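Here is the structure we will look at, set down as structure tokens.
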Amino acid sequence: MVVGMRTITLLSDFGMDNGYVAQMKGVISGISDARIIDVSHEVTPHAVREAAFILQTIVSYYPVGTVHVAVVDPGVGTDRRGIIVTTRSHVLVGPDNGVLIPAARFLGDFVVYEITNKEYMLKEISNTFQGRDVFAPVAAYITKGVVFDAIGKKITDYIDLDFGHEVYSENTVSGKIIFIDRFGNIITNISGVRLKDRLSLGKHVTVSVNNQSHQVLFVKSYGFVGKGELLATIGSSHYLEISMNQGNAAQILSVKEDDEIKIIF
Amino acid sequence: MVVGMRTITLLSDFGMDNGYVAQMKGVISGISDARIIDVSHEVTPHAVREAAFILQTIVSYYPVGTVHVAVVDPGVGTDRRGIIVTTRSHVLVGPDNGVLIPAARFLGDFVVYEITNKEYMLKEISNTFQGRDVFAPVAAYITKGVVFDAIGKKITDYIDLDFGHEVYSENTVSGKIIFIDRFGNIITNISGVRLKDRLSLGKHVTVSVNNQSHQVLFVKSYGFVGKGELLATIGSSHYLEISMNQGNAAQILSVKEDDEIKIIF
Amino acid sequence: MVVGMRTITLLSDFGMDNGYVAQMKGVISGISDARIIDVSHEVTPHAVREAAFILQTIVSYYPVGTVHVAVVDPGVGTDRRGIIVTTRSHVLVGPDNGVLIPAARFLGDFVVYEITNKEYMLKEISNTFQGRDVFAPVAAYITKGVVFDAIGKKITDYIDLDFGHEVYSENTVSGKIIFIDRFGNIITNISGVRLKDRLSLGKHVTVSVNNQSHQVLFVKSYGFVGKGELLATIGSSHYLEISMNQGNAAQILSVKEDDEIKIIF
């Protein structure tokens with residue numbers, strides 16, 4: 001791994017109407033002068049998969065050596081472990097509940113360490129907030145050059161997580177909704193790379209979701225259909241998205257994360 | 001323009017419940033170690049005028065040479081251009097849809113460049129997220145000293161935007177609501193500088209809005225009327241505001257942005 | 001006090017859907033290159049006690065010499081004073097309405113200065129936004145080494161604030177709810193340090209709140225009861241909390257801040 005890691009990102013379901021995130025930043029500030037960047041603290045409470053998806057979509061945009069902390073942690077204070085995941089280019093820190101794994105797999109060649117050395121935790125460890133007491137100081141010490149072997153020990157029985165895979169048939173592809181953003185864009189687990197060979201820009205496609213079918217245009221971007229019209233596009237995370245130009249597709253279609261979706265060519 | 005530009009501000013309608021803003025910050029972090037400051041990512045989705053107003057109110061508080069990125073961009077991926085606007089003191093980066101122009105006019109002596117040089121964009125440019133793929137790297141390269149002529153070419157046919165102007169008659173002034181903040185303060189486009197000559201502190205004035213008239217005191221600040229009472233004041237952005245002491249004036253009066261408002265002296 | 005103060009934290013009820021916080025950060029950026037950290041800007045509007053609680057919970061996690069700015073300020077523009085509170089380890093800046101005092105008392109040995117020297121304020125001081133015009137520049141100048149005696153003068157008649165104290169009887173303790181967080185965790189003013197001697201992990205306790213009584217387990221953390229079950233725990237702020245594993249206790253119990261709560265052993 002690289003030296004001179006200078007940026008720490010933070011992702012959680014803590015919200016920003018309280019002091020929890022600020023406590024983590026205080027702990028980091030006392031150890032390291034790494035740049036601290038908030039990814040999001042508005043993850044749906046306890047939604048491990050949602051946080052895992054957001055983390056996967058952001059890691060590759062950060063400089064080599066960035067340390068990413070993700071804390072969506074309903075099992076805090078039980079015997080669930082805390083882990084460091086090292087990859088070819090970045091370091092991930094958080095609970096062993098799967099939240100770090102999709103990003104790690106995306107980055108490639110990852111190794112998992114259980115965090116065991118209390119020397120790199122706060123002196124007093126609460127039962128309900130290991131984001132502050134364990135993950136924040138560990139991330140800060142990593143940016144100071146502390147080696148992973150000093151903080152913990154390698155494990156292989158970490159908890160895995162993935163977003164499932166799309167299934168192609170002759171004239172359909174089936175997947176599910178993995179994220180809905182603020183604009184109501186419906187992001188699926190259907191990879192845009194493979195789908196591009198089956199769809200043509202400017203042609204209609206049938207989207208079947210929530211027991212309804214919709215004819216929508218497959219376009220390059222939102223502005224290629226009229227205001228308030230549905231569309232299909234390969235979004236900025238390289239997955240198929242169903243959207244509405246200047247409207248909220250998820251509300252109109254009454255869909256939610258984890259719903260199934262089928263495209264008929 | 002100045003050298004040594006060291007701060008980048010970010011303004012968008014992306015929300016913070018997803019990874020979009022963090023992706024932009026990752027891109028910037030990889031190019032520049034400029035300080036990154038969030039202005040807001042809670043602009044109403046697609047509300048170009050609202051973002052333009054917020055941007056206008058913040059720019060002059062930043063050090064000379066700050067680079068401000070504003071991305072409210074319903075036309076992303078179509079043929080709308082990306083622009084850099086240079087002023088006497090600051091640099092603005094964003095889509096060519098008017099969002100940057102009120103702030104530029106406020107700062108004075110501005111010149112507009114279309115962003116054309118792919119060398120200063122991400123290698124892979126998505127169709128739906130140029131905030132990350134174009135505006136973030138361009139802003140970061142500007143803080144590294146890359147000159148505007150290298151990034152694009154001067155244009156004069158940029159898209160303009162303004163907030164309209166108040167109209168005075170003998171005993172009235174008419175304008176409109178340009179922003180409602182979290183407290184329910186109703187911010188109008190009626191300039192406080194001129195209005196001060198027509199109003200007297202501690203005297204009543206009639207506010208006509210939403211087909212209703214209200215007698216309110218014109219005061220220096222909220223605490224000069226009783227709790228729950230309406231008031232008129234020259235707000236911190238130097239415009240006339242209608243507010244309620246420790247209450248929400250916008251809710252009580254059922255008004256929204258763009259509504260007309262008249263003051264009768 | 002220490003030299004080399006390099007971090008400024010910001011706490012307010014301004015929200016992030018507008019430019020107010022960004023204006024404060026611009027002012028700070030123009031004076032000091034201290035690291036700026038947002039504590040929260042989502043304090044309930046005008047809720048001085050809520051901000052005071054959040055501030056108290058975060059200060060001790062910051063490095064010695066951090067300057068904390070808290071602006072929940074319904075009295076802005078009236079004759080309420082602006083103050084600096086110096087403690088053994090940190091500096092607090094904000095309005096003289098009690099918001100800084102619980103944190104100061106928690107840190108210990110505090111001295112209060114009224115801010116009087118206009119040299120350390122913006123040239124033009126608005127009546128409605130002293131967070132930007134007074135507190136932000138004062139905090140920034142403090143990180144530059146300006147001494148407190150140059151900015152103002154010591155006072156002793158500052159406005160006090162506390163969260164009340166729990167009352168023990170033979171088999172009960174009574175207190176009140178001082179904060180409800182995003183997860184619906186109900187944080188009381190009942191100190192965990194003393195309470196630990198009266199409760200046993202894994203035993204039931206009766207919680208009486210909002211005219212209802214509930215038998216809940218006293219546990220180390222949320223995951224020690226079933227999903228959707230209520231529990232009592234000593235939270236990360238060292239107070240008794242009533243929570244629900246992966247659910248929202250405050251909603252289920254229909255309680256709000258300031259409600260009374262009684263524990264029957």
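Just remember, in the structure tokens the first chain shown is A, the second B, etc., residues are 1-based per chain, and ligands are 1-based in the order shown.
Within 12 Å of Glu260 (chain A), once only C-alpha atoms are used and residues closer than 6 positions along the same chain are dropped, the contacting residues are Gly164, His165, Glu166, Val167, Val173, Ser174, Gly175, Lys176, Ile177, Ile178, Ile186, Ile187, Thr188, Asn189, Ile190, Val207, Ser208, Val209, Asn210, Asn211 and Gln212 of chain A.
Of all the residues in region 122-174 of chain A, the ones DSSP labels as helix (DSSP H, G or I) from the backbone are Gln130, Gly131, Arg132, Asp133, Val134, Phe135, Ala136, Pro137, Val138, Ala139, Ala140, Tyr141, Ile142, Thr143, Phe148, Asp149, Ala150 and Ile151 of chain A.
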Q. Can you list, as a PyMOL selection string, every protein, DNA or RNA residue that comes within 12 Å of Ser221 (chain B) when you count only C-alpha atoms, leaving out same-chain residues fewer than 2 positions away?
A. (chain B and resi 185+201-202+217-219+223-226+230-236+240-246) or (chain C and resi 73-80+126-130)
Would you export the selected residues with N, CA, C and O atoms as a tab-separated table (two decimals), in the first residue's frame, please?
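Result file is selection.tsv:
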chain	number	residue	atom	x	y	z
B	185	ASN	N	-38.28	32.97	6.49
B	185	ASN	CA	-38.04	34.36	6.09
B	185	ASN	C	-38.32	34.49	4.60
B	185	ASN	O	-37.84	33.69	3.80
B	201	LEU	N	-37.89	53.07	10.80
B	201	LEU	CA	-37.80	52.03	11.83
B	201	LEU	C	-38.86	52.26	12.91
B	201	LEU	O	-39.04	53.39	13.36
B	202	GLY	N	-39.55	51.21	13.26
B	202	GLY	CA	-40.54	51.31	14.32
B	202	GLY	C	-41.91	51.76	13.85
B	202	GLY	O	-42.86	51.83	14.64
B	217	LEU	N	-44.65	45.82	11.48
B	217	LEU	CA	-43.65	46.81	11.88
B	217	LEU	C	-42.40	46.66	11.02
B	217	LEU	O	-41.97	45.54	10.73
B	218	PHE	N	-41.80	47.79	10.63
B	218	PHE	CA	-40.50	47.79	9.98
B	218	PHE	C	-39.45	47.99	11.08
B	218	PHE	O	-39.43	49.02	11.75
B	219	VAL	N	-38.62	46.96	11.28
B	219	VAL	CA	-37.70	46.96	12.43
B	219	VAL	C	-36.29	46.55	12.00
B	219	VAL	O	-36.07	46.09	10.88
B	223	GLY	N	-36.07	40.37	16.87
B	223	GLY	CA	-36.41	40.47	18.28
B	223	GLY	C	-37.10	41.76	18.68
B	223	GLY	O	-37.44	41.95	19.85
B	224	PHE	N	-37.33	42.66	17.71
B	224	PHE	CA	-37.98	43.94	18.04
B	224	PHE	C	-39.50	43.87	17.97
B	224	PHE	O	-40.17	44.87	18.18
B	225	VAL	N	-40.04	42.70	17.61
B	225	VAL	CA	-41.49	42.50	17.72
B	225	VAL	C	-41.72	41.30	18.65
B	225	VAL	O	-40.79	40.56	18.98
B	226	GLY	N	-42.97	41.12	19.09
B	226	GLY	CA	-43.27	40.02	19.98
B	226	GLY	C	-43.12	38.68	19.28
B	226	GLY	O	-43.19	38.58	18.05
B	230	LEU	N	-45.44	39.19	12.85
B	230	LEU	CA	-44.81	39.47	11.57
B	230	LEU	C	-44.02	40.77	11.65
B	230	LEU	O	-44.32	41.65	12.46
B	231	LEU	N	-43.03	40.89	10.78
B	231	LEU	CA	-42.22	42.11	10.72
B	231	LEU	C	-41.64	42.25	9.32
B	231	LEU	O	-41.60	41.30	8.55
B	232	ALA	N	-41.19	43.47	9.01
B	232	ALA	CA	-40.42	43.71	7.78
B	232	ALA	C	-39.05	44.21	8.20
B	232	ALA	O	-38.93	44.97	9.17
B	233	THR	N	-38.02	43.76	7.49
B	233	THR	CA	-36.66	44.20	7.83
B	233	THR	C	-35.80	44.15	6.59
B	233	THR	O	-36.16	43.51	5.58
B	234	ILE	N	-34.67	44.85	6.63
B	234	ILE	CA	-33.68	44.70	5.56
B	234	ILE	C	-32.76	43.56	5.99
B	234	ILE	O	-32.03	43.68	6.97
B	235	GLY	N	-32.85	42.45	5.26
B	235	GLY	CA	-32.16	41.24	5.68
B	235	GLY	C	-30.66	41.29	5.41
B	235	GLY	O	-30.13	42.28	4.88
B	236	SER	N	-30.01	40.19	5.75
B	236	SER	CA	-28.55	40.14	5.66
B	236	SER	C	-28.06	40.11	4.22
B	236	SER	O	-26.88	40.29	3.96
B	240	LEU	N	-35.34	43.52	1.12
B	240	LEU	CA	-36.48	43.52	2.04
B	240	LEU	C	-36.90	42.09	2.35
B	240	LEU	O	-37.08	41.28	1.44
B	241	GLU	N	-37.04	41.79	3.64
B	241	GLU	CA	-37.55	40.49	4.06
B	241	GLU	C	-38.81	40.67	4.90
B	241	GLU	O	-38.89	41.58	5.72
B	242	ILE	N	-39.76	39.77	4.73
B	242	ILE	CA	-40.91	39.68	5.62
B	242	ILE	C	-40.69	38.44	6.48
B	242	ILE	O	-40.48	37.34	5.96
B	243	SER	N	-40.72	38.62	7.80
B	243	SER	CA	-40.37	37.53	8.71
B	243	SER	C	-41.32	37.48	9.88
B	243	SER	O	-42.21	38.34	10.01
B	244	MET	N	-41.16	36.48	10.71
B	244	MET	CA	-41.93	36.37	11.95
B	244	MET	C	-40.94	36.04	13.06
B	244	MET	O	-40.10	35.16	12.89
B	245	ASN	N	-41.04	36.75	14.17
B	245	ASN	CA	-40.14	36.49	15.28
B	245	ASN	C	-40.37	35.09	15.83
B	245	ASN	O	-41.45	34.78	16.35
B	246	GLN	N	-39.38	34.21	15.69
B	246	GLN	CA	-39.44	32.84	16.16
B	246	GLN	C	-40.64	32.07	15.60
B	246	GLN	O	-41.17	31.16	16.24
C	73	ASP	N	-29.81	31.91	17.59
C	73	ASP	CA	-29.71	33.30	18.02
C	73	ASP	C	-31.00	34.07	17.76
C	73	ASP	O	-31.02	35.06	17.04
C	74	PRO	N	-32.11	33.67	18.41
C	74	PRO	CA	-33.36	34.40	18.15
C	74	PRO	C	-33.28	35.88	18.54
C	74	PRO	O	-34.05	36.67	18.03
C	75	GLY	N	-32.35	36.25	19.41
C	75	GLY	CA	-32.26	37.64	19.85
C	75	GLY	C	-31.33	38.50	19.02
C	75	GLY	O	-31.03	39.64	19.42
C	76	VAL	N	-30.87	37.98	17.86
C	76	VAL	CA	-29.90	38.73	17.06
C	76	VAL	C	-30.42	40.13	16.74
C	76	VAL	O	-31.59	40.31	16.43
C	77	GLY	N	-29.54	41.14	16.84
C	77	GLY	CA	-29.89	42.49	16.45
C	77	GLY	C	-30.53	43.30	17.57
C	77	GLY	O	-30.69	44.51	17.46
C	78	THR	N	-30.93	42.63	18.66
C	78	THR	CA	-31.38	43.35	19.84
C	78	THR	C	-30.14	43.65	20.68
C	78	THR	O	-29.02	43.56	20.20
C	79	ASP	N	-30.33	43.97	21.96
C	79	ASP	CA	-29.14	44.31	22.75
C	79	ASP	C	-28.49	43.09	23.40
C	79	ASP	O	-27.64	43.24	24.27
C	80	ARG	N	-28.87	41.89	22.98
C	80	ARG	CA	-28.17	40.71	23.50
C	80	ARG	C	-26.71	40.80	23.04
C	80	ARG	O	-26.42	41.23	21.94
C	126	SER	N	-24.74	43.59	9.75
C	126	SER	CA	-26.18	43.55	9.56
C	126	SER	C	-26.86	43.35	10.91
C	126	SER	O	-26.23	42.98	11.90
C	127	ASN	N	-28.15	43.59	10.94
C	127	ASN	CA	-28.89	43.43	12.18
C	127	ASN	C	-29.39	42.01	12.38
C	127	ASN	O	-29.81	41.64	13.47
C	128	THR	N	-29.37	41.22	11.32
C	128	THR	CA	-30.01	39.92	11.41
C	128	THR	C	-29.04	38.75	11.28
C	128	THR	O	-29.46	37.60	11.36
C	129	PHE	N	-27.77	39.01	11.10
C	129	PHE	CA	-26.86	37.88	10.86
C	129	PHE	C	-25.48	38.15	11.47
C	129	PHE	O	-24.50	38.40	10.78
C	130	GLN	N	-25.41	38.09	12.78
C	130	GLN	CA	-24.14	38.33	13.44
C	130	GLN	C	-23.26	37.10	13.43
C	130	GLN	O	-22.07	37.18	13.67
**Q.** region 26-255 of chain A: residues DSSP assigns to strand (DSSP E), reported as an MDAnalysis selection string
**A.** chainID A and resid 35:40 67:71 82:86 91:95 111:115 152:155 167:168 172:180 186:191 204:209 212:218 230:234 239:244
Q: Please identify every residue of chain B that has at least one atom no more than 8 Å from any atom of chain C, counting only C-alpha atoms, and report them as a PyMOL selection string.
A: chain B and resi 37-43+54-55+57-59+61-63+181-183+220-224+235-236+245-246
Convert the current residue selection to file output with N, CA, C and O atoms, as a short mmCIF file (atom, residue, chain, number, x, y, z; two decimals), in the first residue's frame.
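out_6.cif, written as the output of this step:
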data_model
loop_
_atom_site.label_atom_id
_atom_site.label_comp_id
_atom_site.auth_asym_id
_atom_site.auth_seq_id
_atom_site.Cartn_x
_atom_site.Cartn_y
_atom_site.Cartn_z
N ILE B 37 -15.35 23.82 -0.02
CA ILE B 37 -16.41 24.25 0.89
C ILE B 37 -17.77 24.04 0.23
O ILE B 37 -18.00 24.47 -0.90
N ASP B 38 -18.68 23.35 0.94
CA ASP B 38 -20.04 23.18 0.44
C ASP B 38 -20.85 24.44 0.69
O ASP B 38 -20.95 24.90 1.83
N VAL B 39 -21.42 25.00 -0.36
CA VAL B 39 -22.37 26.09 -0.17
C VAL B 39 -23.72 25.49 0.20
O VAL B 39 -24.23 25.71 1.29
N SER B 40 -24.27 24.70 -0.67
CA SER B 40 -25.50 23.96 -0.40
C SER B 40 -25.65 22.92 -1.48
O SER B 40 -25.27 23.15 -2.63
N HIS B 41 -26.20 21.77 -1.12
CA HIS B 41 -26.59 20.79 -2.11
C HIS B 41 -28.08 20.49 -2.00
O HIS B 41 -28.57 19.51 -2.52
N GLU B 42 -28.79 21.39 -1.31
CA GLU B 42 -30.21 21.22 -1.05
C GLU B 42 -31.06 22.19 -1.86
O GLU B 42 -32.22 22.45 -1.52
N VAL B 43 -30.49 22.74 -2.94
CA VAL B 43 -31.30 23.54 -3.85
C VAL B 43 -32.46 22.67 -4.35
O VAL B 43 -32.29 21.47 -4.59
N ILE B 54 -28.72 32.05 -4.42
CA ILE B 54 -27.82 31.65 -3.34
C ILE B 54 -26.38 32.00 -3.71
O ILE B 54 -25.63 32.57 -2.92
N LEU B 55 -26.00 31.69 -4.95
CA LEU B 55 -24.63 31.98 -5.37
C LEU B 55 -24.35 33.48 -5.28
O LEU B 55 -23.28 33.89 -4.78
N THR B 57 -25.56 35.60 -3.28
CA THR B 57 -25.47 36.08 -1.90
C THR B 57 -24.18 35.66 -1.20
O THR B 57 -23.86 36.19 -0.14
N ILE B 58 -23.46 34.70 -1.75
CA ILE B 58 -22.28 34.21 -1.00
C ILE B 58 -20.95 34.66 -1.57
O ILE B 58 -19.96 34.73 -0.87
N VAL B 59 -20.91 34.95 -2.87
CA VAL B 59 -19.59 35.12 -3.52
C VAL B 59 -18.74 36.20 -2.88
O VAL B 59 -17.53 36.02 -2.68
N TYR B 61 -18.34 37.18 0.02
CA TYR B 61 -17.75 36.89 1.33
C TYR B 61 -16.49 36.04 1.22
O TYR B 61 -15.83 35.78 2.23
N TYR B 62 -16.17 35.59 0.00
CA TYR B 62 -15.02 34.71 -0.17
C TYR B 62 -13.78 35.49 -0.59
O TYR B 62 -13.89 36.54 -1.21
N PRO B 63 -12.61 34.95 -0.26
CA PRO B 63 -11.37 35.63 -0.64
C PRO B 63 -11.25 35.75 -2.16
O PRO B 63 -11.76 34.91 -2.90
N ASP B 181 -36.22 31.03 3.14
CA ASP B 181 -35.21 30.22 3.80
C ASP B 181 -35.84 29.28 4.83
O ASP B 181 -37.06 29.20 4.97
N ARG B 182 -35.00 28.54 5.51
CA ARG B 182 -35.44 27.52 6.44
C ARG B 182 -36.32 28.06 7.56
O ARG B 182 -37.15 27.35 8.12
N PHE B 183 -36.09 29.33 7.94
CA PHE B 183 -36.85 29.93 9.03
C PHE B 183 -38.21 30.46 8.55
O PHE B 183 -38.99 30.95 9.34
N LYS B 220 -35.35 46.74 12.92
CA LYS B 220 -33.95 46.42 12.65
C LYS B 220 -33.71 44.92 12.62
O LYS B 220 -32.84 44.42 11.91
N SER B 221 -34.47 44.16 13.48
CA SER B 221 -34.23 42.73 13.53
C SER B 221 -35.44 42.05 14.16
O SER B 221 -36.34 42.70 14.69
N TYR B 222 -35.41 40.72 14.12
CA TYR B 222 -36.56 39.91 14.52
C TYR B 222 -37.03 40.19 15.95
O TYR B 222 -38.22 40.24 16.23
N GLY B 223 -36.07 40.37 16.87
CA GLY B 223 -36.41 40.47 18.28
C GLY B 223 -37.10 41.76 18.68
O GLY B 223 -37.44 41.95 19.85
N PHE B 224 -37.33 42.66 17.71
CA PHE B 224 -37.98 43.94 18.04
C PHE B 224 -39.50 43.87 17.97
O PHE B 224 -40.17 44.87 18.18
N GLY B 235 -32.85 42.45 5.26
CA GLY B 235 -32.16 41.24 5.68
C GLY B 235 -30.66 41.29 5.41
O GLY B 235 -30.13 42.28 4.88
N SER B 236 -30.01 40.19 5.75
CA SER B 236 -28.55 40.14 5.66
C SER B 236 -28.06 40.11 4.22
O SER B 236 -26.88 40.29 3.96
N ASN B 245 -41.04 36.75 14.17
CA ASN B 245 -40.14 36.49 15.28
C ASN B 245 -40.37 35.09 15.83
O ASN B 245 -41.45 34.78 16.35
N GLN B 246 -39.38 34.21 15.69
CA GLN B 246 -39.44 32.84 16.16
C GLN B 246 -40.64 32.07 15.60
O GLN B 246 -41.17 31.16 16.24
#
Q.
Set the distance at 9 Å and use only C-alpha atoms: which residues neighbour Phe110 (chain A) once local chain neighbours fewer than 5 positions away are removed? I'd like the list as a PyMOL selection string.
A. chain A and resi 85-88+101+104-105
Q) From the list B:Phe148, B:Tyr113, B:Phe135, B:Phe265, which residue is nearest Val205 (chain B) when using only C-alpha atoms? A)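 Going through B:Phe148, B:Tyr113, B:Phe135, B:Phe265 one by one, the smallest distance to Val205 (chain B) is for B:Phe265.
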Q: Would you mind listing what lies within 7 Å of Ala140 (chain A) as an MDAnalysis selection string, with only C-alpha atoms counted and same-chain residues fewer than 3 positions away left out?
A: chainID A and resid 28 31:32 136:137 143:144
Could you write out that same residue set with N, CA, C and O atoms as a short mmCIF file (atom, residue, chain, number, x, y, z; two decimals), in the first residue's frame?
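Result saved to result_32.cif:
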data_model
loop_
_atom_site.label_atom_id
_atom_site.label_comp_id
_atom_site.auth_asym_id
_atom_site.auth_seq_id
_atom_site.Cartn_x
_atom_site.Cartn_y
_atom_site.Cartn_z
N ILE A 28 -10.67 12.38 14.72
CA ILE A 28 -9.72 12.36 13.61
C ILE A 28 -8.79 13.57 13.68
O ILE A 28 -7.57 13.44 13.54
N ILE A 31 -5.74 13.42 15.84
CA ILE A 31 -4.70 12.44 15.49
C ILE A 31 -3.98 12.80 14.20
O ILE A 31 -2.77 12.63 14.08
N SER A 32 -4.72 13.30 13.22
CA SER A 32 -4.20 13.44 11.86
C SER A 32 -4.70 14.74 11.26
O SER A 32 -5.79 15.20 11.58
N ALA A 136 -13.00 5.83 13.61
CA ALA A 136 -12.39 7.15 13.36
C ALA A 136 -10.91 7.16 13.75
O ALA A 136 -10.06 7.55 12.93
N PRO A 137 -10.56 6.73 14.97
CA PRO A 137 -9.12 6.76 15.29
C PRO A 137 -8.30 5.80 14.42
O PRO A 137 -7.17 6.14 14.03
N THR A 143 -3.74 7.05 8.21
CA THR A 143 -3.18 8.17 7.43
C THR A 143 -1.85 8.64 7.99
O THR A 143 -1.13 9.39 7.33
N LYS A 144 -1.54 8.24 9.23
CA LYS A 144 -0.25 8.60 9.82
C LYS A 144 0.81 7.53 9.53
O LYS A 144 1.93 7.62 10.02
#
Q | For Ile115 (chain C), the nearest of the candidates C:Ile84, C:Ala139, C:Ile155, C:Val99, counting only C-alpha atoms | A |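 Comparing C:Ile84, C:Ala139, C:Ile155, C:Val99 against Ile115 (chain C), the winner is C:Ile84.
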Quick one: residues within 9 Å of Asp96 (chain C), only C-alpha atoms, excluding same-chain residues fewer than 5 positions away - as a CSV table (one decimal) with all heavy atoms, in the first residue's frame?
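Below is the file that was written, result-v4.csv:
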chain,number,residue,atom,x,y,z
C,73,ASP,N,-29.8,31.9,17.6
C,73,ASP,CA,-29.7,33.3,18.0
C,73,ASP,C,-31.0,34.1,17.8
C,73,ASP,O,-31.0,35.1,17.0
C,73,ASP,CB,-28.5,33.9,17.2
C,73,ASP,CG,-28.1,35.3,17.8
C,73,ASP,OD1,-28.5,35.6,18.9
C,73,ASP,OD2,-27.3,36.0,17.1
C,80,ARG,N,-28.9,41.9,23.0
C,80,ARG,CA,-28.2,40.7,23.5
C,80,ARG,C,-26.7,40.8,23.0
C,80,ARG,O,-26.4,41.2,21.9
C,80,ARG,CB,-28.9,39.4,23.1
C,80,ARG,CG,-28.6,38.9,21.7
C,80,ARG,CD,-27.5,37.8,21.6
C,80,ARG,NE,-27.2,37.5,20.2
C,80,ARG,CZ,-26.3,38.2,19.6
C,80,ARG,NH1,-25.6,39.2,20.1
C,80,ARG,NH2,-26.0,37.9,18.3
C,81,ARG,N,-25.8,40.4,23.9
C,81,ARG,CA,-24.4,40.5,23.7
C,81,ARG,C,-23.8,39.3,22.9
C,81,ARG,O,-24.4,38.3,22.9
C,81,ARG,CB,-23.6,40.7,25.0
C,81,ARG,CG,-24.1,41.9,25.8
C,81,ARG,CD,-23.5,42.0,27.2
C,81,ARG,NE,-24.0,40.9,28.0
C,81,ARG,CZ,-23.8,40.8,29.3
C,81,ARG,NH1,-23.1,41.8,29.9
C,81,ARG,NH2,-24.2,39.8,30.0
C,82,GLY,N,-22.7,39.5,22.3
C,82,GLY,CA,-21.9,38.4,21.8
C,82,GLY,C,-20.8,38.1,22.7
C,82,GLY,O,-20.3,39.0,23.3
C,83,ILE,N,-20.5,36.8,22.9
C,83,ILE,CA,-19.5,36.5,23.9
C,83,ILE,C,-18.4,35.5,23.4
C,83,ILE,O,-18.7,34.7,22.4
C,83,ILE,CB,-20.1,35.9,25.2
C,83,ILE,CG1,-21.0,34.7,24.9
C,83,ILE,CG2,-20.9,37.0,25.9
C,83,ILE,CD1,-21.5,34.0,26.2
C,84,ILE,N,-17.3,35.5,24.0
C,84,ILE,CA,-16.3,34.5,23.9
C,84,ILE,C,-16.2,33.8,25.2
C,84,ILE,O,-16.1,34.5,26.3
C,84,ILE,CB,-14.9,35.1,23.5
C,84,ILE,CG1,-14.9,35.9,22.3
C,84,ILE,CG2,-13.8,34.0,23.4
C,84,ILE,CD1,-13.7,36.7,22.1
C,114,GLU,N,-17.3,39.7,26.8
C,114,GLU,CA,-18.2,40.3,25.9
C,114,GLU,C,-17.4,40.8,24.7
C,114,GLU,O,-16.3,41.4,24.8
C,114,GLU,CB,-18.9,41.5,26.5
C,114,GLU,CG,-19.9,42.1,25.5
C,114,GLU,CD,-20.6,43.4,26.1
C,114,GLU,OE1,-20.4,43.7,27.3
C,114,GLU,OE2,-21.3,44.0,25.3
C,158,TYR,N,-23.2,36.9,32.4
C,158,TYR,CA,-23.7,36.1,31.3
C,158,TYR,C,-24.9,35.3,31.6
C,158,TYR,O,-25.2,35.1,32.8
C,158,TYR,CB,-22.6,35.2,30.7
C,158,TYR,CG,-22.2,34.2,31.8
C,158,TYR,CD1,-22.8,33.0,32.0
C,158,TYR,CD2,-21.1,34.5,32.6
C,158,TYR,CE1,-22.5,32.1,33.0
C,158,TYR,CE2,-20.7,33.6,33.6
C,158,TYR,CZ,-21.4,32.4,33.8
C,158,TYR,OH,-21.0,31.5,34.8
C,159,ILE,N,-25.7,35.0,30.6
C,159,ILE,CA,-26.9,34.2,30.8
C,159,ILE,C,-26.6,32.7,30.9
C,159,ILE,O,-25.9,32.2,30.0
C,159,ILE,CB,-27.9,34.5,29.6
C,159,ILE,CG1,-28.4,35.9,29.7
C,159,ILE,CG2,-29.0,33.5,29.6
C,159,ILE,CD1,-29.3,36.3,28.6
C,160,ASP,N,-27.1,32.1,31.9
C,160,ASP,CA,-26.7,30.7,32.2
C,160,ASP,C,-27.8,29.8,31.6
C,160,ASP,O,-28.9,30.2,31.2
C,160,ASP,CB,-26.7,30.5,33.7
C,160,ASP,CG,-25.9,29.3,34.1
C,160,ASP,OD1,-25.4,28.5,33.2
C,160,ASP,OD2,-25.7,29.0,35.3
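Here CA of Ser12 (chain C) stands at a distance of 12.3 Å from CA of Phe53 (chain C).
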